[in-house]
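Chemist: If you scroll down you'll find the structure; I have some questions about it.
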Amino acid sequence: MWKFLDKHLEEVLTVFLLAAMSLLICAQVFMRYVMDSSLAWSEELARYCFIWATYLGVSYAVKRNAHICVEAAVSRLPGRLKAGFVILSHALFIVFAAMVVKEGYALTLKIFKFGQTSSSLGLPMGVIYLAPTVGFALVIFRLVQSIFVELGALRHGGRA
């Protein structure tokens, strides 16, 4: 079970959220243009699904090493030096992600404390503001995993 979650957590959640968002938008279009009525809550929920899918997608990109990076200089370096720069870039990314988690968590606590709710669904807005915190906490976890993979490859003389 843990192995499955490690391998597929972000993609399962992201696919579920994007599917839900697509269904909600299709339902809204159907209701608006075919039934000549509108769902008050579907647009809002689709927007929240998109927000969560975006931040979980950041973690998925980091896990697959598909995030934006510049490799022009690093790719020309010899193996051990290249691995060192990759580890350094991951460490710097961890610092950035930790700042996002820290500030996102502080903001989420304030929003929960205010008791603010969404207009149509009545959801606590803190749940929506929690998306960057959860997403970037997963980013930190995935970066630490990548660093351990790089360190293991360095110990065995190669690069991951």
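Chain labels A, B, ... are given in the sequence in which chains occur in the structure tokens; within each chain residues are numbered consecutively from 1, and ligands are likewise numbered from 1 in the order shown.
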Pick out the residues sitting within 8 Å of range 118-122 of chain A, and hand them over as a ChimeraX atom specification; count only C-alpha atoms, and ignore anything fewer than 3 positions along from it in its own chain.
Modeler: /A:40-41,44-45,125
Chemist: Could you save those same residues with N, CA and C atoms as a PDB file, in the first residue's frame?
Modeler:
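Done, and the output landed in result-v9.pdb:
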ATOM      1  N   ALA A  40     -25.446  26.990  -9.337  1.00  0.00           N
ATOM      2  CA  ALA A  40     -24.736  28.084  -8.667  1.00  0.00           C
ATOM      3  C   ALA A  40     -23.382  27.643  -8.122  1.00  0.00           C
ATOM      4  N   TRP A  41     -23.242  26.370  -7.816  1.00  0.00           N
ATOM      5  CA  TRP A  41     -22.065  25.895  -7.090  1.00  0.00           C
ATOM      6  C   TRP A  41     -21.015  25.226  -7.969  1.00  0.00           C
ATOM      7  N   GLU A  44     -17.705  27.207  -8.907  1.00  0.00           N
ATOM      8  CA  GLU A  44     -16.853  27.390  -7.728  1.00  0.00           C
ATOM      9  C   GLU A  44     -16.105  26.107  -7.383  1.00  0.00           C
ATOM     10  N   LEU A  45     -16.811  24.992  -7.371  1.00  0.00           N
ATOM     11  CA  LEU A  45     -16.167  23.713  -7.054  1.00  0.00           C
ATOM     12  C   LEU A  45     -15.143  23.330  -8.121  1.00  0.00           C
ATOM     13  N   MET A 125     -12.877  28.425   3.627  1.00  0.00           N
ATOM     14  CA  MET A 125     -11.869  28.855   2.657  1.00  0.00           C
ATOM     15  C   MET A 125     -10.477  28.386   3.044  1.00  0.00           C
TER      16      MET A 125
END
Chemist: Measure the distance from CA of Phe136 in chain A to CA of Gly104 in chain A in Å and round it to one decimal.
Modeler: 9.3 Å
Chemist: Leaving out Val62 in chain A and any residue of its chain fewer than 3 positions from it, which residues lie within 8 Å of it when counting only C-alpha atoms, given as a compact mmCIF listing (two decimals) with C-alpha atoms, in the first residue's frame?
Modeler:
# COMPACT_ATOMS: atom_id res chain seq x y z
CA VAL A 58 3.81 20.69 -8.93
CA SER A 59 4.71 17.80 -6.65
CA ASN A 65 11.84 15.46 -12.67
CA ALA A 66 9.69 17.30 -15.20
CA HIS A 67 9.72 20.69 -13.51
CA VAL A 139 7.42 18.86 -3.10
CA ARG A 142 9.85 14.38 -3.30
CA LEU A 143 13.00 16.53 -3.34
Chemist: Which polymer residues have any atom within 8 Å of an atom of range 146-155 of chain A, counting only C-alpha atoms, with same-chain residues fewer than 6 positions away left out, as a PyMOL selection string?
Modeler: chain A and resi 63+80+83+87+90
Chemist: Go through range 4-132 of chain A and collect every residue that DSSP, computed from the backbone, puts in helix (DSSP H, G or I); the answer should be as number ranges by chain.
Modeler: A: 4-33, 42-63, 74-76, 79-114, 125-132
Chemist: Just checking: using only C-alpha atoms, which residue out of A:Tyr60, A:Ala137, A:Leu81, A:Gln116 ends up closest to Val100 in chain A?
Modeler: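 Checking each of A:Tyr60, A:Ala137, A:Leu81, A:Gln116 against Val100 in chain A, counting only C-alpha atoms, the winner is A:Ala137.
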Chemist: Find, counting only C-alpha atoms, the residue in A:Cys69, A:Leu9, A:Leu56, A:Cys49 that gets nearest to Ile25 in chain A.
Modeler: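 Counting only C-alpha atoms, the residue closest to Ile25 in chain A is A:Cys49.
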Chemist: Quick one: residues within 9 Å of Gln28 in chain A, only C-alpha atoms, excluding same-chain residues fewer than 4 positions away - as a ChimeraX atom specification?
Modeler: /A:23-24,32-33,37-40,42-43
Chemist: Let me see the file: selected residues, C-alpha atoms, as an mmCIF file, in the first residue's frame.
Modeler:
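The result, written out as out-v9.cif:
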data_model
loop_
_atom_site.group_PDB
_atom_site.id
_atom_site.type_symbol
_atom_site.label_atom_id
_atom_site.label_comp_id
_atom_site.auth_asym_id
_atom_site.auth_seq_id
_atom_site.Cartn_x
_atom_site.Cartn_y
_atom_site.Cartn_z
ATOM 1 C CA LEU A 23 -17.561 16.791 -15.254
ATOM 2 C CA LEU A 24 -18.595 19.878 -13.323
ATOM 3 C CA ARG A 32 -26.975 26.529 -18.920
ATOM 4 C CA TYR A 33 -27.520 25.878 -22.629
ATOM 5 C CA SER A 37 -30.878 27.000 -15.910
ATOM 6 C CA SER A 38 -27.641 27.254 -14.019
ATOM 7 C CA LEU A 39 -25.908 25.498 -11.165
ATOM 8 C CA ALA A 40 -24.736 28.084 -8.667
ATOM 9 C CA SER A 42 -20.460 23.996 -9.990
ATOM 10 C CA GLU A 43 -18.189 26.779 -11.213
#
Chemist: When you look at Lys110 in chain A with a cut-off of 12 Å (counting only C-alpha atoms), what residues show up, excluding the ones that are within fewer than 3 positions of it in the same chain? I need them as a PyMOL selection string.
Modeler: chain A and resi 103-107+113-116+124-127+129-130
Chemist: Include C-alpha atoms and write out the residues we just selected as a PDB file, in the first residue's frame.
Modeler:
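result.pdb written:
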ATOM      1  CA  GLU A 103       3.758  31.186   4.904  1.00  0.00           C
ATOM      2  CA  GLY A 104       0.933  29.130   3.416  1.00  0.00           C
ATOM      3  CA  TYR A 105       0.319  27.432   6.734  1.00  0.00           C
ATOM      4  CA  ALA A 106       0.277  30.783   8.566  1.00  0.00           C
ATOM      5  CA  LEU A 107      -2.187  32.203   6.041  1.00  0.00           C
ATOM      6  CA  LYS A 113      -9.595  31.640  12.394  1.00  0.00           C
ATOM      7  CA  PHE A 114     -11.659  34.241  10.498  1.00  0.00           C
ATOM      8  CA  GLY A 115     -14.203  31.546   9.665  1.00  0.00           C
ATOM      9  CA  GLN A 116     -14.460  32.665   6.050  1.00  0.00           C
ATOM     10  CA  PRO A 124     -14.282  26.800   4.776  1.00  0.00           C
ATOM     11  CA  MET A 125     -11.869  28.855   2.657  1.00  0.00           C
ATOM     12  CA  GLY A 126      -9.004  27.513   4.730  1.00  0.00           C
ATOM     13  CA  VAL A 127      -9.413  24.209   2.886  1.00  0.00           C
ATOM     14  CA  TYR A 129      -5.823  27.994   1.039  1.00  0.00           C
ATOM     15  CA  LEU A 130      -4.322  24.740   2.309  1.00  0.00           C
TER      16      LEU A 130
END
Chemist: Would you kindly return, as an MDAnalysis selection string, each protein, DNA or RNA residue with an atom no farther than 10 Å from any atom of Ile51 in chain A, considering only C-alpha atoms and excluding same-chain residues fewer than 2 positions away?
Modeler: chainID A and resid 17 45:49 53:57 128:129 131:132
